>>> print(open('start_2.cif').read())   # mmCIF, C-alpha atoms and all ligand atoms
data_run
#
loop_
_atom_site.label_atom_id
_atom_site.label_comp_id
_atom_site.auth_asym_id
_atom_site.auth_seq_id
_atom_site.Cartn_x
_atom_site.Cartn_y
_atom_site.Cartn_z
CA ARG A 17 -35.54 37.95 -17.46
CA THR A 18 -38.30 40.43 -16.81
CA LEU A 19 -39.87 42.84 -19.28
CA GLY A 20 -42.44 45.56 -18.66
CA LEU A 21 -45.46 46.58 -20.70
CA ILE A 22 -47.19 49.90 -20.12
CA THR A 23 -50.48 49.75 -21.94
CA THR A 24 -53.61 51.75 -22.52
CA ASP A 25 -57.00 50.28 -21.48
CA LEU A 26 -56.92 46.50 -21.90
CA ALA A 27 -60.70 46.42 -22.17
CA LEU A 28 -60.12 47.59 -25.76
CA HIS A 29 -59.58 44.77 -28.24
CA ALA A 30 -56.43 46.00 -29.98
CA PRO A 31 -54.27 46.63 -26.90
CA SER A 32 -55.43 43.38 -25.34
CA GLN A 33 -54.40 41.43 -28.44
CA ILE A 34 -50.99 43.08 -28.45
CA ALA A 35 -50.58 42.29 -24.73
CA SER A 36 -51.58 38.69 -25.35
CA ALA A 37 -48.97 38.29 -28.08
CA VAL A 38 -46.29 39.93 -25.93
CA LYS A 39 -47.07 37.63 -23.01
CA SER A 40 -47.03 34.43 -25.01
CA ARG A 41 -43.86 35.19 -26.99
CA ALA A 42 -42.05 36.26 -23.81
CA GLY A 43 -43.22 33.04 -22.16
CA GLU A 44 -41.75 31.00 -25.03
CA ARG A 45 -38.46 32.81 -24.48
CA GLY A 46 -38.50 32.16 -20.74
CA ALA A 47 -39.12 35.82 -19.88
CA SER A 48 -41.87 37.25 -17.72
CA VAL A 49 -43.86 40.41 -18.41
CA MET A 50 -45.13 42.83 -15.79
CA ILE A 51 -48.08 44.79 -17.10
CA SER A 52 -49.07 48.24 -15.96
CA MET A 53 -52.28 49.69 -17.39
CA VAL A 54 -52.72 53.44 -17.55
CA GLU A 55 -56.02 55.15 -18.27
CA GLN A 56 -54.42 58.54 -19.05
CA PRO A 57 -51.06 59.23 -20.75
CA GLU A 58 -50.15 61.46 -17.76
CA PHE A 59 -49.88 58.32 -15.62
CA CYS A 60 -47.17 56.81 -17.84
CA GLN A 61 -44.33 58.22 -15.77
CA ALA A 62 -45.71 56.72 -12.57
CA ALA A 63 -46.15 53.37 -14.32
CA LEU A 64 -42.58 53.61 -15.56
CA GLN A 65 -41.19 54.21 -12.06
CA GLU A 66 -43.22 51.30 -10.74
CA LEU A 67 -41.86 48.92 -13.39
CA LEU A 68 -38.28 50.16 -13.09
CA ALA A 69 -38.49 49.50 -9.35
CA GLN A 70 -39.26 45.88 -10.29
CA ARG A 71 -35.97 45.82 -12.24
CA VAL A 72 -37.43 45.23 -15.69
CA GLU A 73 -34.74 44.89 -18.38
CA GLY A 74 -36.76 46.31 -21.22
CA LEU A 75 -40.02 48.16 -21.69
CA LEU A 76 -42.83 48.26 -24.22
CA VAL A 77 -45.20 51.21 -24.25
CA ASN A 78 -48.57 50.97 -25.98
CA VAL A 79 -50.07 54.29 -24.99
CA PRO A 80 -50.72 57.08 -27.49
CA LEU A 81 -48.02 59.65 -26.72
CA ASP A 82 -46.95 62.91 -28.28
CA ASP A 83 -43.28 63.17 -29.29
CA ALA A 84 -42.15 65.08 -26.20
CA GLU A 85 -43.93 62.69 -23.82
CA ALA A 86 -42.36 59.65 -25.49
CA GLU A 87 -38.89 61.21 -25.51
CA LYS A 88 -39.26 62.02 -21.81
CA ILE A 89 -40.11 58.38 -21.03
CA ARG A 90 -37.16 57.16 -23.09
CA HIS A 91 -34.88 59.51 -21.17
CA LEU A 92 -36.24 58.60 -17.72
CA ALA A 93 -35.93 54.87 -18.45
CA ALA A 94 -32.35 54.94 -19.75
CA PRO A 95 -30.33 52.73 -19.81
CA VAL A 96 -33.34 50.39 -19.91
CA PRO A 97 -34.50 50.27 -23.58
CA VAL A 98 -38.07 51.34 -24.38
CA LEU A 99 -40.01 50.46 -27.53
CA PHE A 100 -43.14 52.46 -28.42
CA PHE A 101 -46.14 51.21 -30.43
CA ASP A 102 -48.25 54.36 -30.62
CA VAL A 103 -46.11 57.39 -31.42
CA SER A 104 -45.61 59.38 -34.60
CA PRO A 105 -42.62 58.78 -36.92
CA SER A 106 -41.21 62.15 -35.87
CA ALA A 107 -40.56 61.01 -32.26
CA ASN A 108 -36.89 60.32 -31.53
CA VAL A 109 -37.52 56.94 -29.89
CA HIS A 110 -37.49 53.23 -30.73
CA ARG A 111 -40.73 52.63 -32.56
CA LEU A 112 -42.64 49.67 -33.98
CA ALA A 113 -45.84 51.02 -35.47
CA PHE A 114 -48.40 50.26 -38.11
CA ASP A 115 -48.54 52.51 -41.14
CA ALA A 116 -51.62 54.61 -40.36
CA GLU A 117 -51.44 56.59 -43.57
CA GLN A 118 -51.28 53.47 -45.73
CA GLY A 119 -54.22 52.00 -43.81
CA ALA A 120 -56.31 55.12 -44.24
CA THR A 121 -55.43 55.28 -47.93
CA LEU A 122 -56.42 51.64 -48.49
CA GLY A 123 -59.81 52.14 -46.82
CA ALA A 124 -60.58 55.31 -48.75
CA GLU A 125 -59.46 53.78 -52.06
CA HIS A 126 -61.61 50.72 -51.46
CA LEU A 127 -64.73 52.87 -51.09
CA LEU A 128 -63.83 55.12 -54.04
CA SER A 129 -63.25 52.07 -56.24
CA LEU A 130 -66.75 50.88 -55.35
CA GLY A 131 -68.07 54.21 -56.65
CA HIS A 132 -68.94 55.84 -53.32
CA GLN A 133 -68.88 59.64 -53.17
CA HIS A 134 -70.91 60.49 -50.06
CA ILE A 135 -68.53 59.28 -47.42
CA ALA A 136 -68.76 60.03 -43.69
CA LEU A 137 -65.77 59.66 -41.35
CA LEU A 138 -65.89 58.35 -37.81
CA ALA A 139 -62.48 59.06 -36.28
CA GLY A 140 -61.07 58.02 -32.91
CA PRO A 141 -60.29 60.39 -30.04
CA GLU A 142 -58.48 63.60 -30.91
CA SER A 143 -55.93 62.88 -28.16
CA SER A 144 -54.58 59.83 -30.02
CA VAL A 145 -51.72 60.21 -32.52
CA SER A 146 -52.87 57.21 -34.53
CA SER A 147 -56.42 58.47 -34.62
CA ARG A 148 -55.25 61.82 -36.00
CA ALA A 149 -53.02 60.08 -38.56
CA ARG A 150 -55.89 57.89 -39.82
CA LEU A 151 -58.21 60.89 -40.12
CA SER A 152 -55.69 62.97 -42.05
CA GLY A 153 -54.87 59.99 -44.26
CA TRP A 154 -58.55 59.58 -45.18
CA GLN A 155 -58.91 63.29 -45.87
CA ALA A 156 -55.79 63.37 -48.02
CA ARG A 157 -56.84 60.41 -50.19
CA LEU A 158 -60.45 61.57 -50.57
CA GLY A 159 -59.20 65.08 -51.35
CA GLN A 160 -57.11 63.69 -54.25
CA ALA A 161 -60.37 62.34 -55.66
CA ASN A 162 -62.11 65.68 -55.03
CA VAL A 163 -64.40 64.05 -52.49
CA THR A 164 -65.24 66.09 -49.40
CA PRO A 165 -66.40 63.96 -46.46
CA CYS A 166 -70.11 64.57 -45.90
CA ALA A 167 -69.69 64.47 -42.11
CA ILE A 168 -66.94 63.90 -39.54
CA ALA A 169 -67.42 62.64 -35.98
CA HIS A 170 -65.08 61.48 -33.21
CA GLY A 171 -65.67 58.48 -30.96
CA ASP A 172 -63.60 57.08 -28.09
CA TRP A 173 -62.77 53.68 -29.73
CA SER A 174 -65.62 51.88 -27.92
CA ALA A 175 -68.57 50.16 -29.62
CA ALA A 176 -70.88 52.33 -27.50
CA SER A 177 -69.39 55.50 -28.99
CA GLY A 178 -69.66 54.02 -32.49
CA TYR A 179 -73.32 53.36 -31.85
CA GLU A 180 -73.98 56.88 -30.58
CA LYS A 181 -71.98 58.66 -33.30
CA GLY A 182 -73.37 56.25 -35.88
CA HIS A 183 -76.90 57.34 -35.05
CA GLN A 184 -75.74 60.95 -35.35
CA LEU A 185 -74.13 60.41 -38.77
CA LEU A 186 -77.24 58.58 -40.00
CA SER A 187 -79.68 61.32 -38.99
CA GLY A 188 -78.34 64.11 -41.23
CA ALA A 189 -80.29 65.52 -44.19
CA THR A 190 -78.68 63.11 -46.66
CA LEU A 191 -77.67 59.58 -45.85
CA PRO A 192 -73.98 58.83 -46.56
CA ASP A 193 -73.43 55.87 -48.85
CA ALA A 194 -70.36 54.77 -46.92
CA ILE A 195 -68.64 55.30 -43.56
CA LEU A 196 -64.94 54.96 -42.83
CA VAL A 197 -64.55 54.03 -39.17
CA ALA A 198 -61.24 54.33 -37.29
CA ASN A 199 -61.57 50.97 -35.53
CA ASP A 200 -63.58 47.77 -35.60
CA GLN A 201 -65.23 48.21 -32.20
CA MET A 202 -66.76 51.52 -33.29
CA ALA A 203 -67.75 49.88 -36.59
CA LEU A 204 -69.66 47.29 -34.57
CA GLY A 205 -71.66 50.09 -32.94
CA VAL A 206 -72.23 51.79 -36.29
CA MET A 207 -73.64 48.58 -37.78
CA ARG A 208 -75.99 48.23 -34.81
CA ALA A 209 -77.21 51.81 -35.39
CA CYS A 210 -77.74 51.00 -39.10
CA SER A 211 -79.75 47.94 -38.25
CA GLU A 212 -81.94 49.87 -35.78
CA LYS A 213 -82.66 52.43 -38.47
CA GLY A 214 -83.48 49.73 -41.02
CA ILE A 215 -80.51 50.76 -43.19
CA ALA A 216 -79.02 47.80 -45.04
CA VAL A 217 -75.28 47.14 -44.82
CA PRO A 218 -73.89 46.96 -47.46
CA GLY A 219 -77.02 47.57 -49.59
CA GLN A 220 -77.49 51.20 -48.52
CA ILE A 221 -74.32 51.93 -46.58
CA SER A 222 -70.87 50.38 -46.78
CA VAL A 223 -68.91 50.23 -43.54
CA VAL A 224 -65.11 49.88 -43.37
CA GLY A 225 -63.31 49.39 -40.06
CA PHE A 226 -59.67 49.44 -38.96
CA ASP A 227 -57.76 46.79 -36.91
CA ASP A 228 -59.08 43.39 -37.97
CA THR A 229 -59.24 42.20 -34.39
CA ALA A 230 -60.02 38.52 -33.88
CA ASP A 231 -63.79 39.04 -33.70
CA SER A 232 -64.27 41.22 -36.77
CA ALA A 233 -64.86 38.31 -39.14
CA TRP A 234 -67.80 37.35 -36.89
CA PHE A 235 -69.68 40.64 -37.02
CA SER A 236 -72.89 40.63 -39.00
CA PRO A 237 -72.17 41.17 -41.82
CA PRO A 238 -68.48 40.17 -41.56
CA LEU A 239 -66.53 43.43 -41.46
CA THR A 240 -64.39 44.84 -44.25
CA THR A 241 -61.40 46.33 -42.46
CA ILE A 242 -57.74 47.25 -42.43
CA ARG A 243 -55.68 44.51 -40.91
CA GLN A 244 -53.03 45.38 -38.34
CA ALA A 245 -51.17 42.19 -37.49
CA PHE A 246 -51.19 42.62 -33.72
CA ARG A 247 -49.74 39.20 -32.92
CA ASP A 248 -46.85 39.80 -35.25
CA ALA A 249 -46.16 43.21 -33.74
CA GLY A 250 -46.25 41.85 -30.19
CA GLU A 251 -43.89 39.01 -31.07
CA ARG A 252 -41.39 41.21 -32.90
CA SER A 253 -41.34 43.69 -30.05
CA VAL A 254 -40.35 40.97 -27.58
CA GLU A 255 -37.69 39.56 -29.91
CA TRP A 256 -36.15 43.00 -30.26
CA LEU A 257 -36.12 43.72 -26.52
CA LEU A 258 -34.49 40.37 -25.83
CA SER A 259 -31.91 40.86 -28.58
CA SER A 260 -28.58 42.57 -28.17
CA ALA A 261 -29.44 45.26 -30.73
CA THR A 262 -31.26 47.66 -28.44
CA ASN A 263 -28.46 50.24 -28.53
CA GLU A 264 -29.18 51.23 -32.10
CA LEU A 265 -32.20 53.31 -32.96
CA TRP A 266 -34.89 50.97 -34.32
CA GLN A 267 -37.84 52.47 -36.15
CA THR A 268 -40.00 50.04 -38.06
CA GLN A 269 -43.17 50.79 -39.94
CA LEU A 270 -45.37 47.70 -40.23
CA PRO A 271 -47.46 47.39 -43.40
CA VAL A 272 -51.22 46.96 -43.14
CA THR A 273 -53.61 45.26 -45.58
CA LEU A 274 -57.20 45.62 -46.68
CA VAL A 275 -59.40 42.66 -45.79
CA ALA A 276 -62.52 42.89 -47.94
CA ARG A 277 -65.45 41.06 -46.35
CA HIS A 278 -69.20 41.70 -46.64
CA SER A 279 -69.86 45.09 -45.02
CA SER A 280 -68.85 46.96 -48.18
CA ALA A 281 -70.15 46.73 -51.74
C1 LIG B 301 -55.22 51.26 -31.77
C2 LIG B 301 -56.44 50.56 -32.31
O1 LIG B 301 -56.47 50.65 -33.70
C3 LIG B 301 -57.71 51.16 -31.75
O2 LIG B 301 -58.77 50.31 -32.07
C4 LIG B 301 -57.64 51.36 -30.24
O3 LIG B 301 -57.76 50.10 -29.60
C5 LIG B 301 -56.35 52.04 -29.87
O4 LIG B 301 -55.23 51.31 -30.36
C6 LIG B 301 -56.19 52.17 -28.38
O5 LIG B 301 -55.16 53.06 -28.10
S1 LIG B 301 -53.81 50.31 -32.30
C7 LIG B 301 -52.42 51.21 -31.71
C8 LIG B 301 -51.21 50.33 -31.73
C9 LIG B 301 -52.21 52.40 -32.59
#
>>> encode(input="start_2.cif", output="structure tokens")
Amino acid sequence: RTLGLITTDLALHAPSQIASAVKSRAGERGASVMISMVEQPEFCQAALQELLAQRVEGLLVNVPLDDAEAEKIRHLAAPVPVLFFDVSPSANVHRLAFDAEQGATLGAEHLLSLGHQHIALLAGPESSVSSRARLSGWQARLGQANVTPCAIAHGDWSAASGYEKGHQLLSGATLPDAILVANDQMALGVMRACSEKGIAVPGQISVVGFDDTADSAWFSPPLTTIRQAFRDAGERSVEWLLSSATNELWQTQLPVTLVARHSSA
């Protein structure tokens, strides 16, 4: 049996870990996976046609898509089932996604419980649904505590953007005492910027990431982050596609957890 995976840039850690889990679970089940990588959501339809031409029996899509884009893909692929990883709960499609709001809430609560009040936010790209959901989750939870973020910046998920925006957030009039970062790669860049400025993590600034990719425990200091169990998600997605239940609408929200390491205090 052959499955298809349409994925965003595999140079990023999170999508590559999902792809790895998909590949190995499919392999265990005797199925093969054709991967098509798209750099822009607009190219999803072309990728879909390419994979359908290869007669895939089921499709996974890990590209941030707005509701209408996802519904269009679902429609074009029918009767081949499509499962989406990065769409909002309002999309009328099969969906296996991490709870962005819960993740954002956990990160914000962690910093509030440590007594931090001057919190800067480094969000992901505005074009990503999950990035927007994390940002609004942070703002909602901080707002409940009457804390207004002292600065907000947007990166592109890469460590390089975290480094650049990190320098920007650290050069304001007052230094934040904590930064919530929308993914671990950007947090890596932020910590590098801190170290260049001689700012101690966590002594002067606490840094909290999002993802818990395989390398995050090896950052210096080891990163406090929100764990998304990518392997688990990849495996469950394959099991579902290979099951006989793909006719019924399946929308599963995966819980996330806070992993407290040494970048926050
Ligand atoms: C999301 C990651 O959290 C982020 O680090 C980045 O890699 C992004 O993917 C790429 O699109 S995880 C996704 C399943 C919401």
>>> residues_near_ligand(input="start_2.cif", ligand="ligand LIG 301 (chain B)", cutoff="8 Å", atoms="only C-alpha atoms and all ligand atoms", output="PyMOL selection string")
chain A and resi 24-25+28-31+34+78-80+101-103+113-114+140+144-147+173+198-201+226-227+244+246
>>> closest_residue(input="start_2.cif", among="A:Leu19, A:Leu191, A:Leu158, A:Leu81", to="A:Glu142", atoms="all atoms listed in the file")
A:Leu81
>>> residues_around(input="start_2.cif", residues="A:Ala216", least_positions_apart="6", cutoff="10 Å", atoms="all atoms listed in the file", output="PyMOL selection string")
chain A and resi 207+210+222+279
>>> residues_around(input="start_2.cif", residues="A:Gly205", least_positions_apart="5", cutoff="8 Å", atoms="all atoms listed in the file", output="list in words")
Ala175, Ala176, Ser177, Gly178, Tyr179, Glu180 and Gly182 of chain A
>>> residues_around(input="start_2.cif", residues="A:Gln33", least_positions_apart="2", cutoff="10 Å", atoms="only C-alpha atoms", output="PyMOL selection string")
chain A and resi 26+28-31+35-39+229-230+245-247+249-250
>>> residues_around(input="start_2.cif", residues="A:Gln65", least_positions_apart="6", cutoff="12 Å", atoms="only C-alpha atoms", output="PDB file with C-alpha atoms, in the frame of the given file")
ATOM      1  CA  GLY A  20     -42.440  45.560 -18.660  1.00  0.00           C
ATOM      2  CA  ILE A  22     -47.190  49.900 -20.120  1.00  0.00           C
ATOM      3  CA  SER A  52     -49.070  48.240 -15.960  1.00  0.00           C
ATOM      4  CA  PHE A  59     -49.880  58.320 -15.620  1.00  0.00           C
ATOM      5  CA  ARG A  71     -35.970  45.820 -12.240  1.00  0.00           C
ATOM      6  CA  VAL A  72     -37.430  45.230 -15.690  1.00  0.00           C
ATOM      7  CA  LEU A  75     -40.020  48.160 -21.690  1.00  0.00           C
ATOM      8  CA  ILE A  89     -40.110  58.380 -21.030  1.00  0.00           C
ATOM      9  CA  LEU A  92     -36.240  58.600 -17.720  1.00  0.00           C
ATOM     10  CA  ALA A  93     -35.930  54.870 -18.450  1.00  0.00           C
ATOM     11  CA  ALA A  94     -32.350  54.940 -19.750  1.00  0.00           C
ATOM     12  CA  VAL A  96     -33.340  50.390 -19.910  1.00  0.00           C
TER      13      VAL A  96
END
>>> build_atoms(input="start_2.cif", residues="stretch 92-103 of chain A", atoms="all heavy atoms", output="mmCIF file, in the frame of the given file")
data_model
loop_
_atom_site.group_PDB
_atom_site.id
_atom_site.type_symbol
_atom_site.label_atom_id
_atom_site.label_comp_id
_atom_site.auth_asym_id
_atom_site.auth_seq_id
_atom_site.Cartn_x
_atom_site.Cartn_y
_atom_site.Cartn_z
ATOM 1 N N LEU A 92 -36.117 59.019 -19.121
ATOM 2 C CA LEU A 92 -36.240 58.600 -17.720
ATOM 3 C C LEU A 92 -35.892 57.124 -17.530
ATOM 4 O O LEU A 92 -35.425 56.719 -16.472
ATOM 5 C CB LEU A 92 -37.680 58.837 -17.213
ATOM 6 C CG LEU A 92 -38.120 60.293 -17.034
ATOM 7 C CD1 LEU A 92 -39.614 60.367 -16.746
ATOM 8 C CD2 LEU A 92 -37.315 60.948 -15.912
ATOM 9 N N ALA A 93 -36.148 56.307 -18.576
ATOM 10 C CA ALA A 93 -35.930 54.870 -18.450
ATOM 11 C C ALA A 93 -34.472 54.476 -18.660
ATOM 12 O O ALA A 93 -34.037 53.432 -18.165
ATOM 13 C CB ALA A 93 -36.809 54.116 -19.446
ATOM 14 N N ALA A 94 -33.719 55.305 -19.385
ATOM 15 C CA ALA A 94 -32.350 54.940 -19.750
ATOM 16 C C ALA A 94 -31.562 54.509 -18.509
ATOM 17 O O ALA A 94 -31.729 55.114 -17.450
ATOM 18 C CB ALA A 94 -31.673 56.145 -20.419
ATOM 19 N N PRO A 95 -30.724 53.474 -18.604
ATOM 20 C CA PRO A 95 -30.330 52.730 -19.810
ATOM 21 C C PRO A 95 -31.278 51.593 -20.200
ATOM 22 O O PRO A 95 -30.971 50.846 -21.117
ATOM 23 C CB PRO A 95 -28.972 52.156 -19.393
ATOM 24 C CG PRO A 95 -29.143 51.871 -17.922
ATOM 25 C CD PRO A 95 -30.029 52.974 -17.392
ATOM 26 N N VAL A 96 -32.397 51.446 -19.529
ATOM 27 C CA VAL A 96 -33.340 50.390 -19.910
ATOM 28 C C VAL A 96 -33.997 50.781 -21.243
ATOM 29 O O VAL A 96 -34.540 51.881 -21.367
ATOM 30 C CB VAL A 96 -34.421 50.196 -18.816
ATOM 31 C CG1 VAL A 96 -35.500 49.225 -19.265
ATOM 32 C CG2 VAL A 96 -33.780 49.730 -17.517
ATOM 33 N N PRO A 97 -33.934 49.914 -22.279
ATOM 34 C CA PRO A 97 -34.500 50.270 -23.580
ATOM 35 C C PRO A 97 -36.034 50.278 -23.564
ATOM 36 O O PRO A 97 -36.661 49.449 -22.900
ATOM 37 C CB PRO A 97 -33.986 49.172 -24.510
ATOM 38 C CG PRO A 97 -33.667 48.018 -23.624
ATOM 39 C CD PRO A 97 -33.280 48.582 -22.288
ATOM 40 N N VAL A 98 -36.602 51.215 -24.305
ATOM 41 C CA VAL A 98 -38.070 51.340 -24.380
ATOM 42 C C VAL A 98 -38.490 51.331 -25.841
ATOM 43 O O VAL A 98 -37.937 52.068 -26.659
ATOM 44 C CB VAL A 98 -38.553 52.672 -23.763
ATOM 45 C CG1 VAL A 98 -40.076 52.657 -23.634
ATOM 46 C CG2 VAL A 98 -37.914 52.927 -22.414
ATOM 47 N N LEU A 99 -39.475 50.513 -26.165
ATOM 48 C CA LEU A 99 -40.010 50.460 -27.530
ATOM 49 C C LEU A 99 -41.470 50.929 -27.501
ATOM 50 O O LEU A 99 -42.267 50.436 -26.693
ATOM 51 C CB LEU A 99 -39.923 49.022 -28.046
ATOM 52 C CG LEU A 99 -40.482 48.745 -29.442
ATOM 53 C CD1 LEU A 99 -39.715 49.527 -30.514
ATOM 54 C CD2 LEU A 99 -40.411 47.249 -29.757
ATOM 55 N N PHE A 100 -41.796 51.867 -28.399
ATOM 56 C CA PHE A 100 -43.140 52.460 -28.420
ATOM 57 C C PHE A 100 -43.954 51.934 -29.606
ATOM 58 O O PHE A 100 -43.441 51.813 -30.717
ATOM 59 C CB PHE A 100 -43.034 53.979 -28.534
ATOM 60 C CG PHE A 100 -42.403 54.630 -27.318
ATOM 61 C CD1 PHE A 100 -41.020 54.722 -27.195
ATOM 62 C CD2 PHE A 100 -43.194 55.132 -26.299
ATOM 63 C CE1 PHE A 100 -40.435 55.317 -26.076
ATOM 64 C CE2 PHE A 100 -42.625 55.730 -25.174
ATOM 65 C CZ PHE A 100 -41.240 55.816 -25.060
ATOM 66 N N PHE A 101 -45.242 51.681 -29.370
ATOM 67 C CA PHE A 101 -46.140 51.210 -30.430
ATOM 68 C C PHE A 101 -47.002 52.341 -31.013
ATOM 69 O O PHE A 101 -47.537 52.213 -32.106
ATOM 70 C CB PHE A 101 -47.135 50.177 -29.883
ATOM 71 C CG PHE A 101 -46.546 48.847 -29.575
ATOM 72 C CD1 PHE A 101 -46.390 48.430 -28.263
ATOM 73 C CD2 PHE A 101 -46.179 47.980 -30.598
ATOM 74 C CE1 PHE A 101 -45.873 47.174 -27.963
ATOM 75 C CE2 PHE A 101 -45.659 46.723 -30.304
ATOM 76 C CZ PHE A 101 -45.499 46.320 -28.991
ATOM 77 N N ASP A 102 -47.237 53.378 -30.207
ATOM 78 C CA ASP A 102 -48.250 54.360 -30.620
ATOM 79 C C ASP A 102 -47.731 55.787 -30.551
ATOM 80 O O ASP A 102 -48.245 56.610 -29.803
ATOM 81 C CB ASP A 102 -49.508 54.175 -29.737
ATOM 82 C CG ASP A 102 -50.768 54.752 -30.376
ATOM 83 O OD1 ASP A 102 -50.664 55.356 -31.446
ATOM 84 O OD2 ASP A 102 -51.854 54.596 -29.779
ATOM 85 N N VAL A 103 -46.665 56.034 -31.329
ATOM 86 C CA VAL A 103 -46.110 57.390 -31.420
ATOM 87 C C VAL A 103 -45.905 57.718 -32.899
ATOM 88 O O VAL A 103 -45.874 56.820 -33.738
ATOM 89 C CB VAL A 103 -44.747 57.503 -30.690
ATOM 90 C CG1 VAL A 103 -44.926 57.348 -29.188
ATOM 91 C CG2 VAL A 103 -43.738 56.506 -31.229
#
